[in-house]
Structures are given as C-alpha cells and as structure tokens.
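> Take a look at this one; I'll ask things after.
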Number of protein chains: 2
Amino acid sequence: MNQDQKKNSIEQLGEFGLIKHLTSNFISRNSSSIAGVGDDCAVIDRDETSFTLISSDLFLENIHFDLMYVPLKQLGYKAISASVSDVYAMNGMAEQVTVNIGFSSRFPLEAIEELYDGIRRACDFFKVDLVGGDTSSSSKGLMISVTAIGKVDKHKVAYRSGASSKDILLVSGDLGSAYLGLQILEREKSVFLSNPNIQPELAPYDSLIKKQLMPEARIDVIQLLDELGVVPTSMIDVSDGLASELIHLCESNNLGCVIHEEKIPYQEDTMLVSTELNLSPLTCAMNGGEDYELLFSVAQADFDKIKGNPYFTPIGYFTDEKGTATLMDQSGQIHELKAQGWNHF
Amino acid sequence: MNQDQKKNSIEQLGEFGLIKHLTSNFISRNSSSIAGVGDDCAVIDRDETSFTLISSDLFLENIHFDLMYVPLKQLGYKAISASVSDVYAMNGMAEQVTVNIGFSSRFPLEAIEELYDGIRRACDFFKVDLVGGDTSSSSKGLMISVTAIGKVDKHKVAYRSGASSKDILLVSGDLGSAYLGLQILEREKSVFLSNPNIQPELAPYDSLIKKQLMPEARIDVIQLLDELGVVPTSMIDVSDGLASELIHLCESNNLGCVIHEEKIPYQEDTMLVSTELNLSPLTCAMNGGEDYELLFSVAQADFDKIKGNPYFTPIGYFTDEKGTATLMDQSGQIHELKAQGWNHF
C-alpha cells in the first residue's frame, strides 16, 4: 500500500468512522462508565440520583478558526460555548470547565488575556467554574482544549439513542445562520487580502456574524424543557450540520426519519443573505454546521406540552426505515440525506 | 510597550505564574467545585462519600515529544500514563479517559492506529475506560489532549496543601532517570542527523529510555498507601523536576522544607550514565522532570507505618520557614531551590 492509499483510507473512514475504527477493540471495565465514544458526552455513574457528564473538545488554529477574522475574546467565548453545548445535548447542566492552551511565541500576553477574557465571559453566562488547565508553548499556532463537566438527573438523561418510530423531531432556534456568517467573514477576508485599503462591510450581517463568532449554547432550552416537563427521547447538538446530526440520530436509534423541507426554521437574514451569496438556505442548514442548536425527539404523548412553543420547530419524525434519513421537499419528493458537513479530513 | 517587552512578560510569569495571572479574576459559583486551578486535578463534589477527580493535559509535537525518536505506540501509552498520574497525585484511582487528537495529513492510518494501540495498552494497564474524544486534522503536527477522570474517598483525598511543619517528605521510586533517557535519545538523534548510517546504540540505556518513553504512573503506590492505612498530608506528582514540585508544595502549604541531598533515590543506571554524560544526578532529579513518581508528606505519627518500605524514600521534612524550599548538601550546607524545570516559555 503506498502513502496515497493509506491516506485515502483515513479520508474514506471520515471523522466518525475513524473514531469508531480506532476504538473498536477497547473494552469497558468500570461499572461507572455508562456511555462513551459515540455520544455528545461521556456518562459517568457516581451517585444515586444523577450522572456526571464529561465532554472534551479540541480547537485548532486554521482548522477550527482563522485568527484573521476571529477576535481572541470571541474565540475564548465560543470554545466554552461549543463545549457546554455537548452537556446540554445530554439534557444536563454544565458546572465546570477545564481549559488547556498551547500557543506560539507570536502571541503576546495581551492576546492570551483577551482569550481568557472571552472564556471568563462565557463562564459567567453559562454559570460554569473554571477548575483547571494549563498553558504550554506550541511550535506553531494556537490550540485550545476544553473539557466541560456537568450533571443530569438519571431519569432525565437524553442520549442520542432512546427514540421510537413516530417520535417527533424538533429543533431549537434557527439553522444555517452560523454558516452564512462564516461565508461573509471569508468573503471580506478575500477582499481585504486583495486590497487592504478596503474596509470590510460587516454591519448588515451582524446577526449572522455573531452566530458564527459567539454562538450561545442553548442552556435556555434545557431549562425550558425541564419547566415543560418534557424529557427528549433522543438529543444531539447541531454542530456539524443538520444532515450529519440526523444521520447520527438515525444510526444510534436504528431508525429512519423524514424531515419536511418547508419546516426547517431560518431567520430572515439567512433568507436574504443566502440569496445574496447565491446559496440555498437548505444547504446552509443541512451541511453548514456550528449552529449549536439542539435537535431532539419527543414521544407523541409529550408533543402537546411543546406544540406551538416559539422556542422549538417540529421538522419531522422517526420512521421504521432503518438508517435512512430523508428529506421531503416542497413538491413532496423524498431525498436521502448525506452528511457532507464538517469533515476535517 | 513593544513586542519584545510583551513577550518578556509571559516569560517572566512562567507557566504557573501565567495560569495564576490569567485566572485571577474568575469566580467559583457552583458548590460542587471543591478545588480547581493550582492542584493536580479539579475536585468535584458529586456524591456523599467520594470526590470526582478530573485532569486534562495537552501533548504537542516538538514541545512535549519528538517523533524522531518517540514511537507512536509509546507516545499513546505515555499520554495516558501522564494523565492518570495526576489522579494518583490526589490519592485517587482513575476510571476513565477521553482522548482528542489532531494530526496533519503526513500521518497515515497505520500511524494513528499505532498511537491508539499504545493508548489501549495503557488503558488496560491502568484499568481505565476510554469514554470519549474525537479526531481532527491539524494544519501541522500531532497534538493529543487527554482528560483523566477518577475518584477518591472524601476522607482520603490528598491535596497539594494540608501539610504541617515537621511532616516527613517522601518520594516513590527513583528520580532523574527519565531525564537521562531523554538526553540519550537526543544524543543519538544528533549522531543520526550527522551520519544516518550510524545505528543508534540504545541497548545499554534500556531502563532509562523506557522510563522516558513509557513511564508508569504509580497506581501501585496509591494501592500500597491504602493498604498501609496512610493518607498523605500533601501530594504532587513529579512531572517537572523535584525542585519545582517541592516549591509548589511549600507555596501551597505556606511552609518551607529541607531536603537531604544524600537521601535522593537514584537507580544504578542513573549514577553510571550521568557520569558518562557529565551531568550531576542531582541536577537530573531536581530539574529534569517526567519521572512521574509521587512526592508526598505524612504526619510524624504515620511515619512508622511507612518507614523502611522499599517503595518510598524519606528525603526531608516541612519547616516553618515559609516559602523556602531548601536542599542540605552532603557537607551540611543549605541551598535554596529554584525551579528551572519544564518551563515551555
């Protein structure tokens, strides 16, 4: 096998296939290990009434962020937000984070202070405590590793699995806007690189850019579900695009799903700017990523508690057609979904 | 302030000063956050009888490891070992790990499989479960982030603080060997770079190189302390050199200490090879780092339980002389210790 074939095999596996492949011969031996690889968080059984939730994320310069247009303060905020989002995706509340950073000598103290200022603001907003971490130099670039720690009542934990056929699929907020924010920032970067004297025009795109740079993980949704007395039968956060998350849920539940194109929620700016950029809002929602909304299912019996709530949009339902996540377009045609999202390889 | 002055201020703060500086205005708001920045692990209060321990570490290519002489299998093993060592340093047992890796396109699938093979071997040895993590591409190099999760009985937790004046300081195993292993590997790398036809001669240095490449965090020490009925009054793992760890303990306890030079434990190879390399074994122990032994204190009343045990060497004691970690050399002269170890900046 030559180098190219070897590399191809990583590309063929993709991020999720690779993790499955690498961890297939690991065994679990501690009774406290309830769930592991393949959900948003590790689930640890430590006490009678609640599970401890732990999620780790790595954020790498020029892979996950571009410092040409991402201010360090907002990067710090986003790293925390993206990490606690995984705890919310288990229907839990985050309580602690640890943050490790590596950075090269090109970063002065003021830059690292900015990053930590953003981390502190996010800790304040999400009411989590920074309880550890360290700093290191790196040979090149900035890298951030965040571990989020939370808890969830045992009878309220929402895994990716647990749903039944006909359970209703809902999504919080709106989709596609973070991806459009990224496209605007990339466009203005190109303009700036070709002529540094042209000032970027970002004001008309404020809401999209804010969603890209400072996404707010949906702590409010978890609180609201609790108030409504609804426990999702399955849940995942929308970080890699709706298509990818729907496929994860279908695979985890050994079910299929049907999503109605006309139900997918967009904000007004998403409709306007996607037209301006010649993109379909559906593509932005399906394959864009980084919306950090919550995608979840509820039993039909629970649907009345949640129906009409402006926080949530019902977009479809699970079916018995194992492993086939599908979209019904506005003309009634069915399309099978493929994850094209955030594949770093 | 110009660029150089700014960079200097990071250098002046050093790794530990920088973390203290960056986190000084963070507040703690959750009652479950017991201890945080400034100990080996975050300590989370989740149940009646035990604390949950969490530690995260970042391992970066060309900062923490050099793939010219570190085989990926051993790197995977070491990353887990170094991480669970932080749990042992709280007198706890590790039960889970999560592993995130970023790697550039120069790594074929086989390389990543080797890394995970080492991770799996370490998980087997330390009886921990891999419960999460992901993979990502990186623009350059390999980076590994490991989070170790463990627990400790509340009445057995050993913080860096908690010691009293006259408590005896002990260390497990021997010191300085991992640093000498590194020196040998660096020497053979230079030889190889100047003449690739010369085969490295590593066999005579097996024990030192193994200690550098595959350190075994002292799970056995924690089990032994439990059997002996000894709870350390303070503890830390020796990852950055004995001098640095003694200074940490003195600062955390608001005490001083005296260490006797002739008590510091070395293995025979350390004595032989340090002579060959024209290094003092004392320097290797004090400022070398990566031994992953445990440095801890016990109350005088407990000393009889542990005295003469071949696993431990008493090397000195705490004093009332706040903040002055000192070494008494073989002639009876006192020297104040300075941390020169593992400062990445």
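In the structure tokens, each chain is lettered A, B, ... as it comes, each chain's residues begin at 1, and ligands are numbered from 1 in order of appearance.
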Within 7 Å of chain A, which residues of chain B show up when using only C-alpha atoms, listed as a VMD selection string?
chain B and resid 6 to 7 9 to 10 15 19 22 26 28 to 30 35 to 37 42 46 to 47 56 to 58 60 62 to 63 95 100 108 to 109 113 116 120 129 131 to 139 145 344 to 345
> Can you pull out the residues contacting stretch 287-294 of chain B? Cut-off 9 Å, using only C-alpha atoms, and skip same-chain residues under 4 positions away; I want them as a PyMOL selection string.
chain B and resi 81-82+85+88-89+170-180+211-212+215-218+221+235-244+282-283+338-342
> Among stretch 106-338 of chain B, which ones does DSSP place in helix (DSSP H, G or I), written as number ranges by chain?
B: 109-126, 154-156, 177-194, 203-213, 219-228, 242-253, 261-263, 268-276, 281-287, 300-306
> Neighbours of B:Ile247 within 10 Å (only C-alpha atoms; same-chain residues fewer than 4 positions away dropped), as number ranges by chain?
B: 242-243, 251-253, 255-257, 323-326, 337-339
> Which residues are close to stretch 305-317 of chain B, i.e. within 10 Å by only C-alpha atoms, leaving aside same-chain residues fewer than 3 positions away? Reply as a PyMOL selection string.
chain B and resi 164-174+220-221+224-225+228-230+256-265+294-302+326-328
> Would you export the selected residues with N, CA and C atoms as a compact mmCIF listing (two decimals), in the first residue's frame, please?

```
# COMPACT_ATOMS: atom_id res chain seq x y z
N SER B 164 1.65 19.96 57.63
CA SER B 164 2.08 20.76 58.77
C SER B 164 3.61 20.72 58.84
N SER B 165 4.14 21.70 59.53
CA SER B 165 5.58 21.71 59.77
C SER B 165 5.99 20.41 60.44
N LYS B 166 7.14 19.89 60.06
CA LYS B 166 7.72 18.63 60.56
C LYS B 166 7.13 17.38 59.91
N ASP B 167 6.09 17.51 59.08
CA ASP B 167 5.64 16.33 58.31
C ASP B 167 6.81 15.86 57.44
N ILE B 168 6.91 14.52 57.31
CA ILE B 168 8.02 13.94 56.56
C ILE B 168 7.71 13.92 55.06
N LEU B 169 8.68 14.33 54.26
CA LEU B 169 8.52 14.29 52.79
C LEU B 169 9.13 13.00 52.25
N LEU B 170 8.37 12.29 51.44
CA LEU B 170 8.85 11.04 50.85
C LEU B 170 8.62 11.07 49.34
N VAL B 171 9.39 10.24 48.65
CA VAL B 171 9.20 10.12 47.21
C VAL B 171 9.19 8.64 46.85
N SER B 172 8.37 8.29 45.88
CA SER B 172 8.34 6.89 45.41
C SER B 172 9.45 6.68 44.39
N GLY B 173 9.86 5.42 44.22
CA GLY B 173 10.79 5.04 43.14
C GLY B 173 12.10 5.79 43.16
N ASP B 174 12.56 6.15 41.98
CA ASP B 174 13.83 6.87 41.86
C ASP B 174 13.64 8.06 40.93
N ASP B 220 0.41 1.65 41.74
CA ASP B 220 0.77 0.71 42.80
C ASP B 220 1.01 1.43 44.13
N VAL B 221 1.52 2.64 44.04
CA VAL B 221 1.79 3.42 45.26
C VAL B 221 0.48 3.79 45.96
N LEU B 224 -0.79 0.76 47.64
CA LEU B 224 0.03 0.44 48.81
C LEU B 224 -0.27 1.39 49.98
N LEU B 225 -0.40 2.68 49.68
CA LEU B 225 -0.72 3.64 50.75
C LEU B 225 -2.04 3.26 51.41
N LEU B 228 -1.47 0.31 53.65
CA LEU B 228 -0.71 0.70 54.84
C LEU B 228 -1.54 1.59 55.77
N GLY B 229 -2.67 2.06 55.30
CA GLY B 229 -3.50 2.94 56.12
C GLY B 229 -2.90 4.33 56.28
N VAL B 230 -2.19 4.77 55.24
CA VAL B 230 -1.56 6.09 55.28
C VAL B 230 -2.26 7.02 54.30
N GLY B 256 8.05 25.90 54.55
CA GLY B 256 9.31 25.65 53.86
C GLY B 256 9.64 24.17 53.95
N CYS B 257 10.80 23.77 53.42
CA CYS B 257 11.22 22.37 53.58
C CYS B 257 12.73 22.27 53.51
N VAL B 258 13.24 21.20 54.09
CA VAL B 258 14.65 20.84 53.95
C VAL B 258 14.71 19.43 53.35
N ILE B 259 15.47 19.31 52.28
CA ILE B 259 15.68 18.01 51.63
C ILE B 259 17.16 17.66 51.79
N HIS B 260 17.45 16.39 52.08
CA HIS B 260 18.84 15.98 52.24
C HIS B 260 19.35 15.39 50.93
N GLU B 261 20.41 16.01 50.41
CA GLU B 261 20.93 15.58 49.11
C GLU B 261 21.20 14.08 49.06
N GLU B 262 21.79 13.56 50.15
CA GLU B 262 22.21 12.15 50.10
C GLU B 262 21.04 11.17 50.19
N LYS B 263 19.85 11.69 50.48
CA LYS B 263 18.68 10.80 50.56
C LYS B 263 17.98 10.60 49.22
N ILE B 264 18.25 11.48 48.26
CA ILE B 264 17.51 11.40 46.99
C ILE B 264 17.80 10.08 46.28
N PRO B 265 16.75 9.33 45.95
CA PRO B 265 16.95 7.98 45.40
C PRO B 265 17.25 7.99 43.89
N LEU B 294 5.70 9.91 42.78
CA LEU B 294 4.85 10.69 43.67
C LEU B 294 5.68 11.25 44.82
N LEU B 295 5.52 12.54 45.05
CA LEU B 295 6.17 13.24 46.17
C LEU B 295 5.05 13.56 47.16
N PHE B 296 5.23 13.15 48.40
CA PHE B 296 4.14 13.37 49.35
C PHE B 296 4.68 13.52 50.76
N SER B 297 3.82 14.00 51.63
CA SER B 297 4.21 14.15 53.03
C SER B 297 3.28 13.32 53.90
N VAL B 298 3.83 12.83 55.02
CA VAL B 298 2.99 12.14 56.01
C VAL B 298 3.26 12.77 57.37
N ALA B 299 2.24 12.70 58.21
CA ALA B 299 2.40 13.18 59.59
C ALA B 299 3.41 12.28 60.31
N GLN B 300 4.13 12.89 61.25
CA GLN B 300 5.12 12.11 62.02
C GLN B 300 4.48 10.86 62.63
N ALA B 301 3.22 11.03 63.07
CA ALA B 301 2.52 9.91 63.72
C ALA B 301 2.33 8.72 62.76
N ASP B 302 2.30 9.00 61.47
CA ASP B 302 2.10 7.94 60.47
C ASP B 302 3.42 7.35 59.97
N THR B 326 14.52 24.18 50.56
CA THR B 326 15.99 24.15 50.61
C THR B 326 16.52 22.73 50.49
N LEU B 327 17.77 22.66 50.05
CA LEU B 327 18.50 21.40 49.96
C LEU B 327 19.70 21.48 50.89
N MET B 328 19.88 20.46 51.73
CA MET B 328 21.10 20.39 52.52
C MET B 328 22.06 19.44 51.81
```
> In Å, how far is it from atom CA of B:Lys154 to atom CA of A:Val152?
21.9 Å
> Just the number, please: distance in Å from atom CA of A:Gly162 to atom CA of A:Leu249, one decimal.
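Atom-to-atom, atom CA of A:Gly162 to atom CA of A:Leu249, that is 9.5 Å.
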